[in-house]
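See structure below.
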Amino acid sequence: MGTRKGYDLELKEINDRVETMGKQVLLAIDRTIIALEKMDVVAANAIMKNDALIDAMETDIEERCIQIVVKEQPIASDWRRLASYMRMISDLERIADNCSDIAIYIKKLASLKTVTPPAHLGEAFSSMRQMVADMVEAFHNEDLQLAEKVVKADDIIDELFEKNVQEIRDAIKADTDAIEQYLDYLFIDKYVERMADHVTAVASWISFITKGELNIMFTDRYAKESEDHPQ
């Protein structure tokens, strides 16, 4: 077993890498928002390529967590922290995957006749992006109030998602020649909604790290989603 000082340094290194991964995911979201606004195929390809970097970060952090568990005997609070890190990076990686998924649809839309995007899609993207920024800050400062704000903000994304869905339905009825484009926007809208769900999960693990309990709003939401979408 290593010294406590060395152990603490390893924990801090892992913590810093989780935060860096969060910042990389935020950067991927920013790039995705710009690529979607400009229908930039080159930028979309770069987003997809960058996903490999975030995948590598997840693997590295996961391996470091496993190594410290094997080498040391973490006390309860440290074990809780390490377990939370591993759940967090899984959700962060999925957000990055969703950016790549959206990039694929950007490339498709760029090759098709231009249609007007759903009115609330930009707002949903921007609000979800703010959730990620707040989550990174909450993680850095172990700020439970800010983490709670992130969890509550997911309701806003859900409302915007439904508004976009209704608008897409109306647009398809009005212009059947552009069904493919509107369906692509529907998928993008759903990815944004799912990204917000993953951010909510990460924010809830901040509560688990500091207090040893998951955010009750998140656990209630998770239970409801499990009922609505049984495995």
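As shown in the structure tokens, the chain order sets the letters A, B, ...; within each chain, residues go from 1, and ligands are also counted from 1 in the order they appear.
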Report as a short mmCIF file (atom, residue, chain, number, x, y, z; two decimals) with N, CA and C atoms, in the first residue's frame all protein, DNA and RNA residues lying within 12 Å of Glu159 (chain A), evaluated on only C-alpha atoms, omitting residues in the same chain fewer than 5 positions from it.
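What landed in out_20.cif:
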data_model
loop_
_atom_site.label_atom_id
_atom_site.label_comp_id
_atom_site.auth_asym_id
_atom_site.auth_seq_id
_atom_site.Cartn_x
_atom_site.Cartn_y
_atom_site.Cartn_z
N HIS A 120 -37.59 26.02 -31.43
CA HIS A 120 -37.03 25.94 -30.08
C HIS A 120 -35.78 25.05 -30.00
N LEU A 121 -35.29 24.59 -31.14
CA LEU A 121 -34.13 23.70 -31.11
C LEU A 121 -32.88 24.43 -30.61
N GLU A 123 -32.76 27.03 -28.68
CA GLU A 123 -32.93 27.30 -27.25
C GLU A 123 -32.65 26.05 -26.43
N ALA A 124 -33.13 24.90 -26.91
CA ALA A 124 -32.90 23.64 -26.20
C ALA A 124 -31.40 23.33 -26.14
N SER A 127 -29.71 25.77 -23.73
CA SER A 127 -30.05 25.46 -22.33
C SER A 127 -29.32 24.21 -21.85
N ALA A 153 -33.10 21.93 -14.23
CA ALA A 153 -33.11 22.47 -15.60
C ALA A 153 -33.51 21.43 -16.64
N ASP A 154 -33.41 20.16 -16.29
CA ASP A 154 -33.78 19.11 -17.24
C ASP A 154 -35.25 19.21 -17.64
N ASN A 164 -40.71 21.23 -29.87
CA ASN A 164 -40.07 20.96 -31.16
C ASN A 164 -40.75 19.80 -31.89
N VAL A 165 -41.11 18.77 -31.14
CA VAL A 165 -41.79 17.61 -31.74
C VAL A 165 -43.09 18.05 -32.41
N GLN A 166 -43.86 18.87 -31.71
CA GLN A 166 -45.14 19.32 -32.27
C GLN A 166 -44.91 20.17 -33.52
N ASP A 189 -33.21 16.66 -32.11
CA ASP A 189 -33.96 17.12 -30.94
C ASP A 189 -33.92 16.07 -29.83
N LYS A 190 -34.10 14.80 -30.21
CA LYS A 190 -34.09 13.72 -29.22
C LYS A 190 -32.69 13.57 -28.61
N GLU A 193 -32.22 16.12 -25.96
CA GLU A 193 -32.98 15.74 -24.76
C GLU A 193 -32.25 14.66 -23.97
N ALA A 196 -29.24 16.06 -22.07
CA ALA A 196 -29.65 16.70 -20.83
C ALA A 196 -29.87 15.66 -19.73
#
With the cut-off set at 7 Å and counting only C-alpha atoms, tabulate each residue of region 60-172 of chain A with an atom at most that distance from an atom of region 19-32 of chain A, showing the nearest atom pair and its distance in Å to one decimal, ordered by chain and increasing number, as JSON lines.
{"residue": "A:Leu92", "atom": "CA", "partner": "A:Gly22", "partner_atom": "CA", "distance": 6.7}
{"residue": "A:Ala96", "atom": "CA", "partner": "A:Val25", "partner_atom": "CA", "distance": 5.8}
{"residue": "A:Cys99", "atom": "CA", "partner": "A:Thr32", "partner_atom": "CA", "distance": 6.2}
{"residue": "A:Ala103", "atom": "CA", "partner": "A:Thr32", "partner_atom": "CA", "distance": 6.9}
{"residue": "A:Arg129", "atom": "CA", "partner": "A:Ile29", "partner_atom": "CA", "distance": 6.7}
{"residue": "A:Val132", "atom": "CA", "partner": "A:Leu26", "partner_atom": "CA", "distance": 6.4}
{"residue": "A:Ala133", "atom": "CA", "partner": "A:Leu26", "partner_atom": "CA", "distance": 6.7}
{"residue": "A:Val136", "atom": "CA", "partner": "A:Gly22", "partner_atom": "CA", "distance": 6.0}
{"residue": "A:His140", "atom": "CA", "partner": "A:Glu19", "partner_atom": "CA", "distance": 6.9}
Can you work out the spacing between CA of Ile157 (chain A) and CA of Phe208 (chain A) in Å, to one decimal? 23.5 Å
Mind pulling up the distance from CA of Glu148 (chain A) to CA of Leu11 (chain A)?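 Interatomic distance, CA of Leu11 (chain A) to CA of Glu148 (chain A): 24.5 Å.
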Give me the region 19-125 of chain A side of the contact with region 198-205 of chain A, cut-off 7 Å, one line per residue showing its nearest atom pair and distance in Å at one decimal, counting only C-alpha atoms, sorted by chain and residue number, as a tab-separated table.
residue	atom	partner	partner_atom	distance
A:Ser84	CA	A:Trp205	CA	5.7
A:Met88	CA	A:Val202	CA	5.1
A:Asp91	CA	A:His198	CA	5.3
A:Ile95	CA	A:His198	CA	6.7
Within 9 Å of Pro117 (chain A) using only C-alpha atoms, minus same-chain residues under 3 positions, as a PDB file with all heavy atoms, in the first residue's frame:
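Output contents, as saved in selection_32.pdb:
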ATOM      1  N   THR A 114     -32.610  22.979 -47.978  1.00  0.00           N
ATOM      2  CA  THR A 114     -32.673  23.657 -46.682  1.00  0.00           C
ATOM      3  C   THR A 114     -34.117  23.868 -46.241  1.00  0.00           C
ATOM      4  O   THR A 114     -34.965  24.307 -47.023  1.00  0.00           O
ATOM      5  CB  THR A 114     -31.970  25.019 -46.753  1.00  0.00           C
ATOM      6  OG1 THR A 114     -30.599  24.813 -47.117  1.00  0.00           O
ATOM      7  CG2 THR A 114     -32.014  25.725 -45.406  1.00  0.00           C
ATOM      8  N   HIS A 120     -37.591  26.019 -31.426  1.00  0.00           N
ATOM      9  CA  HIS A 120     -37.029  25.940 -30.082  1.00  0.00           C
ATOM     10  C   HIS A 120     -35.782  25.055 -29.997  1.00  0.00           C
ATOM     11  O   HIS A 120     -35.279  24.813 -28.898  1.00  0.00           O
ATOM     12  CB  HIS A 120     -38.090  25.428 -29.102  1.00  0.00           C
ATOM     13  CG  HIS A 120     -39.296  26.316 -29.008  1.00  0.00           C
ATOM     14  ND1 HIS A 120     -40.403  26.140 -29.818  1.00  0.00           N
ATOM     15  CD2 HIS A 120     -39.561  27.390 -28.233  1.00  0.00           C
ATOM     16  CE1 HIS A 120     -41.304  27.059 -29.528  1.00  0.00           C
ATOM     17  NE2 HIS A 120     -40.819  27.833 -28.586  1.00  0.00           N
ATOM     18  N   LEU A 121     -35.287  24.589 -31.141  1.00  0.00           N
ATOM     19  CA  LEU A 121     -34.131  23.701 -31.108  1.00  0.00           C
ATOM     20  C   LEU A 121     -32.883  24.432 -30.606  1.00  0.00           C
ATOM     21  O   LEU A 121     -32.123  23.906 -29.783  1.00  0.00           O
ATOM     22  CB  LEU A 121     -33.863  23.106 -32.496  1.00  0.00           C
ATOM     23  CG  LEU A 121     -32.692  22.112 -32.584  1.00  0.00           C
ATOM     24  CD1 LEU A 121     -32.905  20.936 -31.630  1.00  0.00           C
ATOM     25  CD2 LEU A 121     -32.545  21.601 -34.017  1.00  0.00           C
ATOM     26  N   GLY A 122     -32.673  25.654 -31.105  1.00  0.00           N
ATOM     27  CA  GLY A 122     -31.517  26.422 -30.663  1.00  0.00           C
ATOM     28  C   GLY A 122     -31.567  26.717 -29.177  1.00  0.00           C
ATOM     29  O   GLY A 122     -30.545  26.637 -28.475  1.00  0.00           O
ATOM     30  N   ILE A 168     -42.391  19.976 -35.558  1.00  0.00           N
ATOM     31  CA  ILE A 168     -41.936  19.092 -36.633  1.00  0.00           C
ATOM     32  C   ILE A 168     -43.128  18.354 -37.251  1.00  0.00           C
ATOM     33  O   ILE A 168     -43.208  18.199 -38.472  1.00  0.00           O
ATOM     34  CB  ILE A 168     -40.884  18.100 -36.105  1.00  0.00           C
ATOM     35  CG1 ILE A 168     -39.564  18.839 -35.800  1.00  0.00           C
ATOM     36  CG2 ILE A 168     -40.622  16.981 -37.113  1.00  0.00           C
ATOM     37  CD1 ILE A 168     -38.546  18.020 -35.047  1.00  0.00           C
ATOM     38  N   TYR A 182     -37.036  16.967 -41.846  1.00  0.00           N
ATOM     39  CA  TYR A 182     -37.698  17.165 -40.557  1.00  0.00           C
ATOM     40  C   TYR A 182     -37.480  15.973 -39.616  1.00  0.00           C
ATOM     41  O   TYR A 182     -37.355  16.143 -38.399  1.00  0.00           O
ATOM     42  CB  TYR A 182     -39.189  17.423 -40.764  1.00  0.00           C
ATOM     43  CG  TYR A 182     -39.471  18.759 -41.399  1.00  0.00           C
ATOM     44  CD1 TYR A 182     -40.200  18.848 -42.585  1.00  0.00           C
ATOM     45  CD2 TYR A 182     -38.993  19.941 -40.826  1.00  0.00           C
ATOM     46  CE1 TYR A 182     -40.458  20.084 -43.182  1.00  0.00           C
ATOM     47  CE2 TYR A 182     -39.242  21.170 -41.420  1.00  0.00           C
ATOM     48  CZ  TYR A 182     -39.959  21.242 -42.590  1.00  0.00           C
ATOM     49  OH  TYR A 182     -40.207  22.459 -43.172  1.00  0.00           O
ATOM     50  N   TYR A 185     -34.158  16.440 -38.063  1.00  0.00           N
ATOM     51  CA  TYR A 185     -34.236  17.395 -36.955  1.00  0.00           C
ATOM     52  C   TYR A 185     -34.888  16.764 -35.723  1.00  0.00           C
ATOM     53  O   TYR A 185     -34.533  17.084 -34.581  1.00  0.00           O
ATOM     54  CB  TYR A 185     -35.004  18.648 -37.377  1.00  0.00           C
ATOM     55  CG  TYR A 185     -34.153  19.675 -38.070  1.00  0.00           C
ATOM     56  CD1 TYR A 185     -34.423  20.066 -39.387  1.00  0.00           C
ATOM     57  CD2 TYR A 185     -33.074  20.276 -37.410  1.00  0.00           C
ATOM     58  CE1 TYR A 185     -33.636  21.020 -40.029  1.00  0.00           C
ATOM     59  CE2 TYR A 185     -32.289  21.218 -38.045  1.00  0.00           C
ATOM     60  CZ  TYR A 185     -32.573  21.586 -39.357  1.00  0.00           C
ATOM     61  OH  TYR A 185     -31.785  22.526 -39.974  1.00  0.00           O
TER      62      TYR A 185
END
I need the residue nearest Met48 (chain A) from this list: A:Arg4, A:Arg80, A:Lys107, A:Arg87. Use only C-alpha atoms for the distance.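 Selected residue with least distance to Met48 (chain A): A:Lys107.
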Quick one: everything within 12 Å of Gln67 (chain A), counting only C-alpha atoms, minus sequence neighbours fewer than 4 positions away in the same chain. Send it as an MDAnalysis selection string. chainID A and resid 1 7 10:11 14 60:63 71:74 82
Those same residues, written as a CSV table (one decimal), in the first residue's frame with all heavy atoms?
chain,number,residue,atom,x,y,z
A,1,MET,N,0.8,-1.2,0.0
A,1,MET,CA,0.0,0.0,0.0
A,1,MET,C,0.9,1.2,0.0
A,1,MET,O,1.9,1.3,0.7
A,1,MET,CB,-0.9,0.0,1.2
A,1,MET,CG,-1.9,1.2,1.3
A,1,MET,SD,-2.9,1.1,2.8
A,1,MET,CE,-3.7,-0.4,2.6
A,7,TYR,N,-1.5,8.5,-2.1
A,7,TYR,CA,-2.9,8.1,-2.4
A,7,TYR,C,-3.7,9.3,-2.7
A,7,TYR,O,-4.5,9.3,-3.6
A,7,TYR,CB,-3.4,7.3,-1.2
A,7,TYR,CG,-4.8,6.9,-1.2
A,7,TYR,CD1,-5.4,6.1,-2.1
A,7,TYR,CD2,-5.7,7.4,-0.1
A,7,TYR,CE1,-6.7,5.8,-2.1
A,7,TYR,CE2,-7.0,7.0,-0.1
A,7,TYR,CZ,-7.5,6.2,-1.1
A,7,TYR,OH,-8.8,5.8,-1.0
A,10,GLU,N,-3.1,10.7,-6.1
A,10,GLU,CA,-3.7,9.9,-7.1
A,10,GLU,C,-5.2,10.3,-7.2
A,10,GLU,O,-5.7,10.4,-8.3
A,10,GLU,CB,-3.6,8.4,-6.8
A,10,GLU,CG,-2.2,7.9,-7.1
A,10,GLU,CD,-2.1,6.4,-6.9
A,10,GLU,OE1,-2.6,5.7,-7.8
A,10,GLU,OE2,-1.6,5.9,-5.9
A,11,LEU,N,-5.9,10.4,-6.1
A,11,LEU,CA,-7.3,10.8,-6.1
A,11,LEU,C,-7.5,12.2,-6.8
A,11,LEU,O,-8.4,12.3,-7.5
A,11,LEU,CB,-7.8,10.8,-4.7
A,11,LEU,CG,-8.2,9.5,-4.0
A,11,LEU,CD1,-8.7,9.7,-2.6
A,11,LEU,CD2,-9.3,8.8,-4.8
A,14,ILE,N,-7.1,11.9,-10.5
A,14,ILE,CA,-8.3,11.4,-11.2
A,14,ILE,C,-9.4,12.4,-11.2
A,14,ILE,O,-10.1,12.6,-12.2
A,14,ILE,CB,-8.8,10.1,-10.4
A,14,ILE,CG1,-7.8,9.0,-10.6
A,14,ILE,CG2,-10.1,9.7,-11.0
A,14,ILE,CD1,-8.1,7.8,-9.7
A,60,ASP,N,-8.9,5.9,-19.8
A,60,ASP,CA,-7.8,6.2,-18.9
A,60,ASP,C,-8.3,6.4,-17.5
A,60,ASP,O,-7.7,5.9,-16.5
A,60,ASP,CB,-7.1,7.5,-19.4
A,60,ASP,CG,-6.1,8.0,-18.4
A,60,ASP,OD1,-5.0,7.4,-18.2
A,60,ASP,OD2,-6.3,9.1,-17.8
A,61,ILE,N,-9.4,7.2,-17.3
A,61,ILE,CA,-9.9,7.4,-15.9
A,61,ILE,C,-10.4,6.2,-15.3
A,61,ILE,O,-10.2,5.9,-14.1
A,61,ILE,CB,-11.0,8.5,-16.0
A,61,ILE,CG1,-10.4,9.9,-16.4
A,61,ILE,CG2,-11.7,8.6,-14.6
A,61,ILE,CD1,-11.5,10.9,-16.8
A,62,GLU,N,-11.1,5.4,-16.1
A,62,GLU,CA,-11.6,4.1,-15.6
A,62,GLU,C,-10.5,3.2,-15.1
A,62,GLU,O,-10.6,2.6,-14.0
A,62,GLU,CB,-12.4,3.4,-16.7
A,62,GLU,CG,-13.1,2.1,-16.2
A,62,GLU,CD,-14.0,1.6,-17.4
A,62,GLU,OE1,-13.4,1.2,-18.4
A,62,GLU,OE2,-15.2,1.5,-17.2
A,63,GLU,N,-9.4,3.1,-15.9
A,63,GLU,CA,-8.3,2.3,-15.5
A,63,GLU,C,-7.6,2.8,-14.2
A,63,GLU,O,-7.2,2.0,-13.4
A,63,GLU,CB,-7.2,2.2,-16.6
A,63,GLU,CG,-7.7,1.4,-17.8
A,63,GLU,CD,-6.8,1.4,-19.0
A,63,GLU,OE1,-5.8,2.2,-18.9
A,63,GLU,OE2,-7.0,0.6,-19.9
A,71,LYS,N,-4.7,-1.3,-5.6
A,71,LYS,CA,-3.5,-1.1,-4.9
A,71,LYS,C,-3.8,-0.6,-3.5
A,71,LYS,O,-3.0,-0.9,-2.6
A,71,LYS,CB,-2.7,0.0,-5.6
A,71,LYS,CG,-2.1,-0.4,-6.9
A,71,LYS,CD,-1.1,0.7,-7.4
A,71,LYS,CE,-1.7,2.0,-7.6
A,71,LYS,NZ,-0.8,3.0,-8.1
A,72,GLU,N,-4.9,0.1,-3.2
A,72,GLU,CA,-5.1,0.7,-1.9
A,72,GLU,C,-6.4,0.0,-1.3
A,72,GLU,O,-7.0,-0.9,-1.9
A,72,GLU,CB,-5.4,2.2,-2.1
A,72,GLU,CG,-4.3,2.9,-2.8
A,72,GLU,CD,-3.0,3.0,-2.1
A,72,GLU,OE1,-2.9,2.7,-0.9
A,72,GLU,OE2,-1.9,3.3,-2.7
A,73,GLN,N,-6.7,0.5,-0.1
A,73,GLN,CA,-7.9,0.1,0.5
A,73,GLN,C,-8.8,1.3,0.8
A,73,GLN,O,-8.7,1.9,1.9
A,73,GLN,CB,-7.6,-0.7,1.8
A,73,GLN,CG,-6.9,-2.0,1.6
A,73,GLN,CD,-6.5,-2.7,2.9
A,73,GLN,OE1,-6.8,-2.2,4.0
A,73,GLN,NE2,-5.9,-3.8,2.8
A,74,PRO,N,-9.5,1.8,-0.2
A,74,PRO,CA,-10.2,3.1,0.0
A,74,PRO,C,-11.2,3.0,1.2
A,74,PRO,O,-11.9,2.0,1.4
A,74,PRO,CB,-11.0,3.2,-1.3
A,74,PRO,CG,-10.2,2.4,-2.3
A,74,PRO,CD,-9.7,1.2,-1.5
A,82,LEU,N,-14.8,7.3,-6.0
A,82,LEU,CA,-14.3,6.5,-7.2
A,82,LEU,C,-15.4,5.9,-8.0
A,82,LEU,O,-15.4,5.9,-9.2
A,82,LEU,CB,-13.3,5.5,-6.7
A,82,LEU,CG,-12.0,6.0,-6.2
A,82,LEU,CD1,-11.2,4.8,-5.4
A,82,LEU,CD2,-11.1,6.5,-7.3
Please indicate the distance in Å from CA of Ile206 (chain A) to CA of Ala147 (chain A), rounded to one decimal place. 7.0 Å
